[in-house]
Structures are given as C-alpha cells and as structure tokens.
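Engineer: I am attaching a structure below and will ask some questions about it afterwards.
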Amino acid sequence: MEWLIITIILMPIGLVFLLFTRRKNPLKVGQSAPDFKLADQHGKIHRLEEFQGTWLALYFYPKDDTPGCTKQACTFRDNLQKLTDLGAKVIGISVDDTHSHADFAKKYNLQFPLLADNKMEIAKKYYSLINLGIIKFAQRNTFLIDPQGKIAKVYLSVSATNNSTDVIEDLKRLQAM
C-alpha cells in the first residue's frame, strides 16, 4: 500500500520532469552560437570568442560529482586527446559554483574548463536550463561549435556514457565534408 501511495505522488512529478526534459531546442545548425562569459574552476574568465578558429564541444550537465555527470566528464577526459587531435576543445557548464567545479575537476583530474553559470543565463541562452520552480539545473545537452562560431551539431538529452564518442564521430564526419 505504501508503494502505491508513493507511486501516485511521484508520478506527476516524473511526468512534469519528462515534459521539461524532452523540449525541442530552438538553436539550429548553422546559426551563431550564443556568446558566454563565465569563470572556470580556477577563476579564469572564458568567452566564446577565445575559441574562434577551433572546434568546441560545449556540454551542459546537471551537477558536479553525481554519477551521470561524473561519467560524462570522465569520458570527455578520457577522450580529450582524440578531441585535441581533431582540433577541438572541450568545455563543461553547469549552474554549480567555481568552488564546486574546482573540487570536481581535482577529484577526477579534469583538464578542461568547467564554467560556473551561477546566474543560469548561459544555460537559458542554450535552452539547456530545467526550471522546476525551486529546483533549477542544466540539462545534459551538448553543442558542437565550428571554428567560425556556428553551431555544427546539437545533441539533446545526451547519454553520459556515449556523449564524447558521439562528438568525436560527428567531428570526423564534419571535417571530412
């Protein structure tokens, strides 16, 4: 009986969550990527313009040091050399602060910037903010940005396990065109 009550209570919450996480992203391939100006885990400010002339895998993730986010970050870490060899940089963004990012990066030896979107402005610009009232976090979306600053590929509600390998495969395909 307790499980039935819990299920009845949690089902509407789950449905609301699914509605918010399955939204279409109005950012389209070929359009200019929205600019950003955010601090990383070391306090260094990064802007989109600093990546002109290179490919950029910009990924949004919900929370530092949680199982899915750790898996996603570590697969990007493990594939960082392959991405670098393809002329790409990697940036992770969440709504966590720089201190949380610093702890997360140190714990898992993450050698790429983790940007702190405390005001949630960039996640909104990239249509990657989930707002459930008092709970707000970034949705697991990734954007492959070309050397001219245009969106080359949009990945919505990505798999934490396959995200970096999907980016690598698409990067190879796009560069071969």
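Each chain in the structure tokens gets a letter, A, B, ..., in the order shown, and its residues are numbered from 1; ligands are numbered from 1 in order too.
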Would you pick out the contacts of A:Lys136 at 9 Å or less, using only C-alpha atoms, so that residues sharing its chain but fewer than 5 positions from it are not included, and give the list as a ChimeraX atom specification?

Structural biologist: /A:62,95,120,129-131

Engineer: As an MDAnalysis selection string, please: every residue in chain A that DSSP puts in helix (DSSP H, G or I).

Structural biologist: chainID A and resid 2:21 48:51 67:78 80:85 98:108 121:125 163:176

Engineer: With distances taken over only C-alpha atoms, which of A:Val154, A:Ala39, A:Leu174, A:Leu110 is nearest to A:Ser128?

Structural biologist: A:Val154

Engineer: Give me, as a PyMOL selection string, all polymer residues having an atom no more than 7 Å from stretch 161-169 of chain A, counting only C-alpha atoms and skipping those fewer than 5 positions away in the same chain.

Structural biologist: chain A and resi 71-72+75-76+79+83

Engineer: For a quick check of understanding, using only C-alpha atoms, which of A:Gly87, A:Val29, A:Ser157, A:Thr98 has the smallest distance to A:Gly53?

Structural biologist: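 When distances to A:Gly53 are compared using only C-alpha atoms, the smallest one comes from A:Gly87.
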
Engineer: Taking into account only C-alpha atoms, which residue in the set A:Arg140, A:Lys37, A:Lys119, A:Lys150 is nearest to A:Thr54?

Structural biologist: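 Ranking A:Arg140, A:Lys37, A:Lys119, A:Lys150 by distance to A:Thr54, first place goes to A:Lys150.
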
Engineer: Per DSSP on the backbone, filter stretch 49-85 of chain A down to the residues in strand (DSSP E or B) and report them as a list in words.

Structural biologist: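 Those in stretch 49-85 of chain A that DSSP calls strand (DSSP E or B) are Trp55, Leu56, Ala57, Leu58, Tyr59 and Phe60 of chain A.
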
Engineer: Output N, CA and C atoms for every residue in that selection, as a short mmCIF file (atom, residue, chain, number, x, y, z; two decimals), in the first residue's frame.

Structural biologist:
data_model
loop_
_atom_site.label_atom_id
_atom_site.label_comp_id
_atom_site.auth_asym_id
_atom_site.auth_seq_id
_atom_site.Cartn_x
_atom_site.Cartn_y
_atom_site.Cartn_z
N TRP A 55 37.38 23.98 -33.16
CA TRP A 55 36.11 23.34 -32.84
C TRP A 55 35.93 23.35 -31.33
N LEU A 56 34.69 23.43 -30.87
CA LEU A 56 34.41 23.45 -29.44
C LEU A 56 33.25 22.51 -29.13
N ALA A 57 33.50 21.57 -28.22
CA ALA A 57 32.43 20.72 -27.68
C ALA A 57 32.01 21.37 -26.37
N LEU A 58 30.85 22.00 -26.39
CA LEU A 58 30.32 22.71 -25.23
C LEU A 58 29.20 21.86 -24.65
N TYR A 59 29.44 21.31 -23.46
CA TYR A 59 28.42 20.43 -22.91
C TYR A 59 27.88 20.97 -21.58
N PHE A 60 26.58 20.84 -21.43
CA PHE A 60 25.89 21.23 -20.20
C PHE A 60 25.61 19.96 -19.40
#

Engineer: Record the distance separating atom CA of A:Lys107 and atom CA of A:Pro67, expressed in Å with one decimal.

Structural biologist: 13.3 Å

Engineer: Report the distance between atom CA of A:Gly133 and atom CA of A:Phe104 in Å, rounded to one decimal place.

Structural biologist: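 Computed distance, atom CA of A:Gly133 to atom CA of A:Phe104, equals 26.0 Å.
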
Engineer: Counting only C-alpha atoms, which of A:Phe143, A:Tyr127, A:Phe36, A:Tyr108 gets nearest to A:Asp64?

Structural biologist: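 Answer, going by the shortest atom-to-atom distance: A:Tyr108.
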